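Trainee: Shown below is the structure under consideration.
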Amino acid sequence: MLHSEIVAPYIFKYGSDEQKSRWLPKMATGELIGAIAMTEPGTGSDLQAIKTTCIKDGDNYILNGQKVFITNGYMCDLVVVVVKTDPEQGASGTSLVVVEAGMEGFTKGRKLKKVGLKAQDTSELFFENVIIPKENLLGQEGMGFAYLMSELVQERLLIAMGAVSACERILHHTIEYVKNREAFGRPISKFQNTRFKLAELATETKIGRTFVDDCLTKHMKKELDVTTAAMAKLWTTDLQVKLVDECLQLHGGYGYMLEYPVAKAFVDSRIQKIYGGTNEIMKELISRSFL
Ligand SMILES: Cc1cc2nc3c(=O)[nH]c(=O)nc-3n(C[C@H](O)[C@H](O)[C@H](O)COP(=O)(O)OP(=O)(O)OC[C@H]3O[C@@H](n4cnc5c(N)ncnc54)[C@H](O)[C@@H]3O)c2cc1C
C-alpha cells in the first residue's frame, strides 16, 4: 500500500516526465521499492520542525540528517525525503528530494523491532553529505509542505479503509468463534453479553463502512477535504483498536494466541492510531476547521 498508493503518487503527481519514466515503470514491476521519510528522531507530529537539510551547492544539493520509523526503509531502492532546503523558513523552506539506494553517504539503519506489523520493515535512515543532483528534486523547491498536506488526505483514507476492512474481518472470525465455543453447556453466542457486544460492534462497523465509502466516492471526484479525511482516520482507527480488543476478549485465552487471527489483528492494529498523523493531530486538524 505504501509503495503503490503513497510513494508512487508523489512521483506521478509532482515528478517531471524524466523522473516519471526513470522510476515509475520499475516501481510498477517491483524492481524498485519506494519509501517516504518524514519522521525524525526529534520530531514526528510537528513536521515543520524537521532538521534534515538539503542545501544548494552549484548544480547539486548536499543532504544531511536522519530519519526514523520509515516503512520499507530497509528494503527501499528509492526514498522521497522531506528536507529543509531553507532551514530559516518553516513550511515554505520544506522540499521533497528522491534519494536512491547506493548514493554515497546514504545508509540504512537496523530493522526496528515492533509490537506488530512484523512482515513489514521499519528502519532508520542516515544521510551524511549525500550529493543530490538537482534532477532528484521532486516538484518545486519550497513546496514540500503543501505537497505533503495534499497527499496525506489519500494516506489517511487508506488507513481508514484498512481499519474498516479489519473490523469486518475480525467481526466475521469472532461470530464464527462464538457460535462454536461452548461454556456452561451452551455456545457462548447464546450469552446476552456476547450478543449485545457483537451487535454494538457490527453497528459501528457498518457506520464506519458507510462513512469510508462516502469518503472514497468524494476522493474519486477529488472532493475529499483534509478535515473529512482526518475524521475518517480518527474514527475508524479508534473503532478498530476497540473492536479487536473486545473481539479478543470474546475468544478468551485463545484470543491471546497468535495462531488466531484476532491476536495478530490485536498487535497489528495499535499503530493505526499513531502513523499517518496521530489521532490527537487528527483532532487538531478537525477542530481547526471550525475554531
Ligand atoms: C510502524 C510505523 C511505521 C511508520 N512509517 C512511517 C513512514 O513510512 N514514514 C514516516 O515519515 N513516518 C513513519 N512513521 C512515523 C509516524 O508517522 C510517527 O511516529 C507519528 O507521526 C508520531 O510522531 P512521533 O512518533 O514523533 O510522536 P510525537 O510527535 O512525539 O508525539 C507523542 C505524543 O504527543 C502527542 N502530541 C504531539 N503533538 C500534539 C499536539 N499538538 N496536541 C496534542 N497531542 C500532541 C501525539 O499525539 C503523541 O500521543 C511510522 C511509525 C511507525 C511506528
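Ordering of the C-alpha cells sets the chain letters (A, B, ...); residue numbers start at 1 within each chain; ligands are numbered from 1 in the order shown.
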Hey, what's within 8 Å of Leu171 in chain A if we count only C-alpha atoms and toss same-chain stuff fewer than 6 positions away? As JSON, numbers by chain, please?
Mentor: {"A": [198, 201, 202, 247]}
Trainee: Can you write out the residues you just picked, keeping N, CA and C atoms, as a PDB file, in the first residue's frame?
Mentor:
ATOM      1  N   LEU A 198     -21.506  -7.918  20.213  1.00  0.00           N
ATOM      2  CA  LEU A 198     -21.335  -8.071  18.765  1.00  0.00           C
ATOM      3  C   LEU A 198     -22.330  -7.197  17.992  1.00  0.00           C
ATOM      4  N   LEU A 201     -20.783  -3.720  17.993  1.00  0.00           N
ATOM      5  CA  LEU A 201     -19.602  -3.635  17.115  1.00  0.00           C
ATOM      6  C   LEU A 201     -20.003  -3.722  15.637  1.00  0.00           C
ATOM      7  N   ALA A 202     -20.982  -4.565  15.342  1.00  0.00           N
ATOM      8  CA  ALA A 202     -21.443  -4.689  13.949  1.00  0.00           C
ATOM      9  C   ALA A 202     -22.078  -3.374  13.490  1.00  0.00           C
ATOM     10  N   CYS A 247     -13.214  -8.189  20.660  1.00  0.00           N
ATOM     11  CA  CYS A 247     -13.313  -9.494  20.000  1.00  0.00           C
ATOM     12  C   CYS A 247     -12.317 -10.478  20.601  1.00  0.00           C
TER      13      CYS A 247
END
Trainee: Pick out the residues sitting within 12 Å of Gly15 in chain A, and hand them over as a PyMOL selection string; count only C-alpha atoms, and ignore anything fewer than 4 positions along from it in its own chain.
Mentor: chain A and resi 7-11+19-24+80+96-98+135-140+147
Trainee: Sorted by chain and rising residue number, which residues of chain A lie within 9 Å of ligand 1, and what are their closest atom pairs and distances in Å to one decimal, counting only C-alpha atoms and all ligand atoms, as a tab-separated table?
Mentor:
residue	atom	partner	partner_atom_place_in_ligand_line	distance
A:Leu2	CA	ligand 1	8 (O)	7.4
A:Ala35	CA	ligand 1	8 (O)	6.2
A:Ile36	CA	ligand 1	9 (N)	5.2
A:Ala37	CA	ligand 1	11 (O)	4.0
A:Met38	CA	ligand 1	11 (O)	3.3
A:Thr39	CA	ligand 1	11 (O)	3.9
A:Glu40	CA	ligand 1	26 (O)	7.0
A:Pro41	CA	ligand 1	26 (O)	6.8
A:Gly42	CA	ligand 1	26 (O)	6.6
A:Thr43	CA	ligand 1	26 (O)	4.6
A:Gly44	CA	ligand 1	26 (O)	3.2
A:Ser45	CA	ligand 1	29 (O)	3.7
A:Asp46	CA	ligand 1	29 (O)	6.1
A:Leu47	CA	ligand 1	21 (O)	8.4
A:Lys67	CA	ligand 1	11 (O)	7.4
A:Val68	CA	ligand 1	12 (N)	6.9
A:Phe69	CA	ligand 1	50 (C)	4.5
A:Ile70	CA	ligand 1	7 (C)	4.0
A:Thr71	CA	ligand 1	8 (O)	3.8
A:Asn72	CA	ligand 1	8 (O)	6.9
A:Gly73	CA	ligand 1	8 (O)	7.5
A:Val81	CA	ligand 1	11 (O)	8.4
A:Val82	CA	ligand 1	11 (O)	8.2
A:Leu112	CA	ligand 1	1 (C)	8.8
A:Lys114	CA	ligand 1	1 (C)	6.9
A:Val115	CA	ligand 1	1 (C)	8.6
A:Gly116	CA	ligand 1	1 (C)	7.9
A:Leu117	CA	ligand 1	1 (C)	7.0
A:Gln120	CA	ligand 1	1 (C)	8.2
A:Asp121	CA	ligand 1	1 (C)	8.2
A:Thr122	CA	ligand 1	3 (C)	6.0
A:Ser123	CA	ligand 1	3 (C)	8.6
A:Ile271	CA	ligand 1	53 (C)	6.0
A:Gln272	CA	ligand 1	1 (C)	8.7
A:Lys273	CA	ligand 1	47 (O)	8.8
A:Ile274	CA	ligand 1	20 (C)	5.4
A:Tyr275	CA	ligand 1	17 (O)	3.8
A:Gly276	CA	ligand 1	17 (O)	5.0
A:Gly277	CA	ligand 1	21 (O)	4.4
A:Thr278	CA	ligand 1	47 (O)	4.8
A:Asn279	CA	ligand 1	47 (O)	6.2
A:Glu280	CA	ligand 1	47 (O)	4.4
A:Ile281	CA	ligand 1	47 (O)	5.8
A:Met282	CA	ligand 1	47 (O)	8.7
A:Lys283	CA	ligand 1	43 (C)	8.2
A:Glu284	CA	ligand 1	42 (N)	6.6
Trainee: Neighbouring residues of range 237-239 of chain A were defined as those with any atom within 6 Å, considering only C-alpha atoms; residues of the same chain fewer than 2 positions away were excluded. Please report them as a ChimeraX atom specification.
Mentor: /A:163,233-235,241-243,272-273
Trainee: Any chance you can output those residues with all heavy atoms as an mmCIF file, in the first residue's frame?
Mentor:
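Below is the file out_35.cif, written as the result:
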data_model
loop_
_atom_site.group_PDB
_atom_site.id
_atom_site.type_symbol
_atom_site.label_atom_id
_atom_site.label_comp_id
_atom_site.auth_asym_id
_atom_site.auth_seq_id
_atom_site.Cartn_x
_atom_site.Cartn_y
_atom_site.Cartn_z
ATOM 1 N N ALA A 163 -8.735 0.082 8.265
ATOM 2 C CA ALA A 163 -9.333 -0.081 9.595
ATOM 3 C C ALA A 163 -10.710 -0.733 9.488
ATOM 4 O O ALA A 163 -11.014 -1.688 10.211
ATOM 5 C CB ALA A 163 -9.442 1.284 10.287
ATOM 6 N N LYS A 233 -9.963 8.899 9.479
ATOM 7 C CA LYS A 233 -8.805 8.214 10.079
ATOM 8 C C LYS A 233 -9.000 8.087 11.590
ATOM 9 O O LYS A 233 -8.787 7.013 12.183
ATOM 10 C CB LYS A 233 -7.534 9.005 9.730
ATOM 11 C CG LYS A 233 -6.234 8.235 9.928
ATOM 12 C CD LYS A 233 -5.577 8.487 11.251
ATOM 13 C CE LYS A 233 -4.307 7.683 11.425
ATOM 14 N NZ LYS A 233 -3.717 7.817 12.764
ATOM 15 N N LEU A 234 -9.421 9.172 12.217
ATOM 16 C CA LEU A 234 -9.621 9.186 13.677
ATOM 17 C C LEU A 234 -10.672 8.158 14.104
ATOM 18 O O LEU A 234 -10.420 7.303 14.956
ATOM 19 C CB LEU A 234 -10.059 10.597 14.095
ATOM 20 C CG LEU A 234 -10.616 10.762 15.507
ATOM 21 C CD1 LEU A 234 -9.529 10.527 16.542
ATOM 22 C CD2 LEU A 234 -11.214 12.167 15.689
ATOM 23 N N TRP A 235 -11.841 8.238 13.502
ATOM 24 C CA TRP A 235 -12.967 7.440 13.998
ATOM 25 C C TRP A 235 -12.784 5.953 13.720
ATOM 26 O O TRP A 235 -13.029 5.102 14.570
ATOM 27 C CB TRP A 235 -14.277 7.953 13.387
ATOM 28 C CG TRP A 235 -15.472 7.491 14.169
ATOM 29 C CD1 TRP A 235 -15.988 8.066 15.288
ATOM 30 C CD2 TRP A 235 -16.273 6.337 13.888
ATOM 31 N NE1 TRP A 235 -17.077 7.340 15.725
ATOM 32 C CE2 TRP A 235 -17.272 6.278 14.885
ATOM 33 C CE3 TRP A 235 -16.248 5.352 12.898
ATOM 34 C CZ2 TRP A 235 -18.238 5.272 14.927
ATOM 35 C CZ3 TRP A 235 -17.216 4.347 12.934
ATOM 36 C CH2 TRP A 235 -18.192 4.308 13.939
ATOM 37 N N VAL A 241 -9.218 -0.382 17.048
ATOM 38 C CA VAL A 241 -8.478 -0.779 18.251
ATOM 39 C C VAL A 241 -9.459 -1.283 19.323
ATOM 40 O O VAL A 241 -9.212 -2.297 19.984
ATOM 41 C CB VAL A 241 -7.597 0.390 18.764
ATOM 42 C CG1 VAL A 241 -7.015 0.092 20.137
ATOM 43 C CG2 VAL A 241 -6.481 0.665 17.758
ATOM 44 N N LYS A 242 -10.604 -0.600 19.457
ATOM 45 C CA LYS A 242 -11.612 -1.029 20.437
ATOM 46 C C LYS A 242 -12.185 -2.397 20.032
ATOM 47 O O LYS A 242 -12.298 -3.307 20.850
ATOM 48 C CB LYS A 242 -12.745 0.011 20.512
ATOM 49 C CG LYS A 242 -13.838 -0.359 21.495
ATOM 50 C CD LYS A 242 -14.946 0.673 21.539
ATOM 51 C CE LYS A 242 -15.932 0.486 20.409
ATOM 52 N NZ LYS A 242 -17.193 1.193 20.569
ATOM 53 N N LEU A 243 -12.515 -2.535 18.751
ATOM 54 C CA LEU A 243 -13.164 -3.765 18.279
ATOM 55 C C LEU A 243 -12.256 -4.991 18.445
ATOM 56 O O LEU A 243 -12.712 -6.027 18.940
ATOM 57 C CB LEU A 243 -13.586 -3.580 16.823
ATOM 58 C CG LEU A 243 -14.286 -4.770 16.172
ATOM 59 C CD1 LEU A 243 -15.419 -4.294 15.249
ATOM 60 C CD2 LEU A 243 -13.340 -5.663 15.377
ATOM 61 N N GLN A 272 -2.275 1.926 14.118
ATOM 62 C CA GLN A 272 -3.186 2.697 13.251
ATOM 63 C C GLN A 272 -3.541 4.067 13.849
ATOM 64 O O GLN A 272 -3.820 5.018 13.145
ATOM 65 C CB GLN A 272 -4.473 1.894 13.007
ATOM 66 C CG GLN A 272 -4.283 0.672 12.133
ATOM 67 C CD GLN A 272 -4.494 1.009 10.671
ATOM 68 O OE1 GLN A 272 -3.580 1.481 10.002
ATOM 69 N NE2 GLN A 272 -5.674 0.764 10.153
ATOM 70 N N LYS A 273 -3.535 4.141 15.199
ATOM 71 C CA LYS A 273 -3.863 5.421 15.847
ATOM 72 C C LYS A 273 -2.660 6.372 15.874
ATOM 73 O O LYS A 273 -2.774 7.510 16.324
ATOM 74 C CB LYS A 273 -4.338 5.164 17.285
ATOM 75 C CG LYS A 273 -5.727 4.537 17.323
ATOM 76 C CD LYS A 273 -6.102 3.919 18.655
ATOM 77 C CE LYS A 273 -6.110 4.871 19.807
ATOM 78 N NZ LYS A 273 -7.101 4.515 20.847
#
Trainee: One decimal, in Å: what's the spacing between CA of Lys84 in chain A and CA of Gln154 in chain A?
Mentor: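 These two atoms are separated by 23.5 Å.
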Trainee: If you run DSSP on the backbone here, which positions in range 24-259 of chain A get strand (DSSP E or B)? Please write them as an NGL selection string.
Mentor: :A and (34-37 or 40 or 43 or 53-57 or 60-71 or 78-84 or 94-100 or 106-111 or 122-133 or 137-138 or 182-183 or 186-187)
Trainee: Residues at most 12 Å from Leu224 in chain A, counting only C-alpha atoms, excluding those fewer than 2 positions away in the same chain, as a PyMOL selection string?
Mentor: chain A and resi 150-157+211-222+226-232
Trainee: Extract, using only C-alpha atoms, all DNA, RNA and protein residues at most 12 Å from Gly58 in chain A, discarding same-chain residues fewer than 6 positions from it, and format them as a list in words.
Mentor: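 Within the cut-off, the hits are Ile131, Ile132, Pro133 and Lys134 of chain A.
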Trainee: List every residue of range 85-182 of chain A that DSSP, applied to the backbone of this structure, assigns to alpha helix (DSSP H), and report them as JSON, numbers by chain.
Mentor: {"A": [144, 145, 146, 147, 148, 149, 150, 151, 152, 153, 154, 155, 156, 157, 158, 159, 160, 161, 162, 163, 164, 165, 166, 167, 168, 169, 170, 171, 172, 173, 174, 175, 176, 177, 178, 179, 180]}
Trainee: Output N, CA, C and O atoms for every residue in the selection just made, as a CSV table (one decimal), in the first residue's frame.
Mentor:
chain,number,residue,atom,x,y,z
A,144,GLY,N,7.3,21.5,-0.6
A,144,GLY,CA,7.2,20.2,0.0
A,144,GLY,C,6.1,20.1,1.0
A,144,GLY,O,5.3,19.1,1.0
A,145,PHE,N,5.9,21.1,1.8
A,145,PHE,CA,4.8,21.0,2.9
A,145,PHE,C,3.4,21.0,2.2
A,145,PHE,O,2.6,20.2,2.6
A,146,ALA,N,3.3,21.8,1.2
A,146,ALA,CA,2.0,21.8,0.5
A,146,ALA,C,1.7,20.5,-0.1
A,146,ALA,O,0.6,20.0,-0.1
A,147,TYR,N,2.7,19.9,-0.8
A,147,TYR,CA,2.5,18.5,-1.4
A,147,TYR,C,2.1,17.5,-0.3
A,147,TYR,O,1.3,16.7,-0.5
A,148,LEU,N,2.8,17.6,0.9
A,148,LEU,CA,2.5,16.6,1.9
A,148,LEU,C,1.1,16.7,2.4
A,148,LEU,O,0.4,15.8,2.5
A,149,MET,N,0.6,18.0,2.6
A,149,MET,CA,-0.7,18.2,3.1
A,149,MET,C,-1.8,17.7,2.1
A,149,MET,O,-2.8,17.1,2.5
A,150,SER,N,-1.4,17.8,0.8
A,150,SER,CA,-2.4,17.3,-0.2
A,150,SER,C,-2.4,15.8,-0.2
A,150,SER,O,-3.4,15.2,-0.3
A,151,GLU,N,-1.2,15.2,-0.2
A,151,GLU,CA,-1.1,13.7,-0.3
A,151,GLU,C,-1.5,13.0,1.0
A,151,GLU,O,-1.9,11.8,0.9
A,152,LEU,N,-1.4,13.6,2.1
A,152,LEU,CA,-1.8,13.0,3.4
A,152,LEU,C,-3.3,12.6,3.4
A,152,LEU,O,-3.7,11.8,4.2
A,153,VAL,N,-4.1,13.3,2.6
A,153,VAL,CA,-5.5,13.0,2.5
A,153,VAL,C,-5.7,11.6,2.0
A,153,VAL,O,-6.4,10.8,2.7
A,154,GLN,N,-5.0,11.2,1.0
A,154,GLN,CA,-5.1,9.8,0.5
A,154,GLN,C,-4.5,8.8,1.5
A,154,GLN,O,-5.1,7.7,1.7
A,155,GLU,N,-3.4,9.2,2.1
A,155,GLU,CA,-2.8,8.3,3.1
A,155,GLU,C,-3.8,8.0,4.2
A,155,GLU,O,-3.9,6.8,4.6
A,156,ARG,N,-4.5,9.0,4.7
A,156,ARG,CA,-5.4,8.8,5.8
A,156,ARG,C,-6.6,8.1,5.4
A,156,ARG,O,-7.1,7.2,6.2
A,157,LEU,N,-7.1,8.3,4.2
A,157,LEU,CA,-8.2,7.5,3.7
A,157,LEU,C,-7.8,6.0,3.6
A,157,LEU,O,-8.6,5.1,3.9
A,158,LEU,N,-6.6,5.7,3.1
A,158,LEU,CA,-6.1,4.3,3.0
A,158,LEU,C,-6.1,3.7,4.4
A,158,LEU,O,-6.5,2.5,4.5
A,159,ILE,N,-5.6,4.4,5.4
A,159,ILE,CA,-5.6,3.9,6.7
A,159,ILE,C,-7.0,3.6,7.2
A,159,ILE,O,-7.3,2.5,7.8
A,160,ALA,N,-7.9,4.5,6.9
A,160,ALA,CA,-9.3,4.3,7.3
A,160,ALA,C,-9.9,3.1,6.6
A,160,ALA,O,-10.7,2.3,7.2
A,161,MET,N,-9.6,2.9,5.3
A,161,MET,CA,-10.2,1.8,4.6
A,161,MET,C,-9.6,0.5,5.2
A,161,MET,O,-10.4,-0.5,5.4
A,162,GLY,N,-8.4,0.5,5.6
A,162,GLY,CA,-7.8,-0.7,6.2
A,162,GLY,C,-8.4,-1.0,7.5
A,162,GLY,O,-8.6,-2.1,7.9
A,163,ALA,N,-8.7,0.1,8.3
A,163,ALA,CA,-9.3,-0.1,9.6
A,163,ALA,C,-10.7,-0.7,9.5
A,163,ALA,O,-11.0,-1.7,10.2
A,164,VAL,N,-11.5,-0.2,8.6
A,164,VAL,CA,-12.9,-0.8,8.4
A,164,VAL,C,-12.8,-2.2,7.9
A,164,VAL,O,-13.6,-3.1,8.4
A,165,SER,N,-11.9,-2.5,7.0
A,165,SER,CA,-11.8,-3.9,6.5
A,165,SER,C,-11.4,-4.8,7.6
A,165,SER,O,-11.9,-5.9,7.7
A,166,ALA,N,-10.4,-4.4,8.4
A,166,ALA,CA,-10.0,-5.2,9.6
A,166,ALA,C,-11.2,-5.4,10.5
A,166,ALA,O,-11.4,-6.6,11.0
A,167,CYS,N,-12.0,-4.4,10.8
A,167,CYS,CA,-13.2,-4.6,11.7
A,167,CYS,C,-14.1,-5.7,11.1
A,167,CYS,O,-14.5,-6.6,11.8
A,168,GLU,N,-14.4,-5.6,9.8
A,168,GLU,CA,-15.3,-6.5,9.2
A,168,GLU,C,-14.7,-8.0,9.3
A,168,GLU,O,-15.5,-8.9,9.6
A,169,ARG,N,-13.4,-8.1,9.0
A,169,ARG,CA,-12.8,-9.4,9.0
A,169,ARG,C,-12.8,-10.0,10.4
A,169,ARG,O,-13.2,-11.2,10.6
A,170,ILE,N,-12.5,-9.2,11.4
A,170,ILE,CA,-12.4,-9.8,12.8
A,170,ILE,C,-13.7,-10.0,13.3
A,170,ILE,O,-13.9,-11.0,14.1
A,171,LEU,N,-14.7,-9.2,13.0
A,171,LEU,CA,-16.1,-9.5,13.4
A,171,LEU,C,-16.5,-10.8,12.8
A,171,LEU,O,-17.1,-11.7,13.6
A,172,HIS,N,-16.2,-11.1,11.6
A,172,HIS,CA,-16.6,-12.3,10.9
A,172,HIS,C,-16.0,-13.5,11.7
A,172,HIS,O,-16.7,-14.5,12.0
A,173,HIS,N,-14.7,-13.4,11.9
A,173,HIS,CA,-14.0,-14.5,12.7
A,173,HIS,C,-14.6,-14.7,14.0
A,173,HIS,O,-14.8,-15.9,14.5
A,174,THR,N,-14.9,-13.6,14.7
A,174,THR,CA,-15.4,-13.7,16.1
A,174,THR,C,-16.8,-14.3,16.1
A,174,THR,O,-17.2,-15.1,17.0
A,175,ILE,N,-17.6,-13.9,15.1
A,175,ILE,CA,-19.0,-14.5,15.1
A,175,ILE,C,-18.9,-16.0,14.9
A,175,ILE,O,-19.6,-16.8,15.5
A,176,GLU,N,-18.0,-16.5,14.0
A,176,GLU,CA,-17.8,-17.9,13.8
A,176,GLU,C,-17.4,-18.6,15.1
A,176,GLU,O,-17.8,-19.6,15.5
A,177,TYR,N,-16.4,-17.9,15.8
A,177,TYR,CA,-15.8,-18.5,17.0
A,177,TYR,C,-16.9,-18.7,18.1
A,177,TYR,O,-17.0,-19.7,18.7
A,178,VAL,N,-17.7,-17.6,18.3
A,178,VAL,CA,-18.7,-17.7,19.5
A,178,VAL,C,-19.8,-18.7,19.2
A,178,VAL,O,-20.4,-19.2,20.1
A,179,LYS,N,-20.0,-19.0,17.9
A,179,LYS,CA,-21.1,-20.0,17.6
A,179,LYS,C,-20.6,-21.4,17.9
A,179,LYS,O,-21.4,-22.3,18.2
A,180,ASN,N,-19.3,-21.6,17.9
A,180,ASN,CA,-18.7,-22.9,18.1
A,180,ASN,C,-18.2,-23.2,19.5
A,180,ASN,O,-18.1,-24.3,19.9
Trainee: In Å, with one decimal, what is the gap from CA of Phe12 in chain A to CA of Ala28 in chain A?
Mentor: 11.7 Å
Trainee: Using only C-alpha atoms for the distances, tell me which of A:Gln249, A:Asn193, A:Thr205, A:Thr85 is nearest to Glu141 in chain A.
Mentor: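 That would be A:Thr85, the residue with the smallest distance to Glu141 in chain A.
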Trainee: I'd like the interatomic distance between CA of Gly90 in chain A and CA of Ala49 in chain A, to a tenth of an Å.
Mentor: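 Atom-to-atom, CA of Gly90 in chain A to CA of Ala49 in chain A, that is 7.5 Å.
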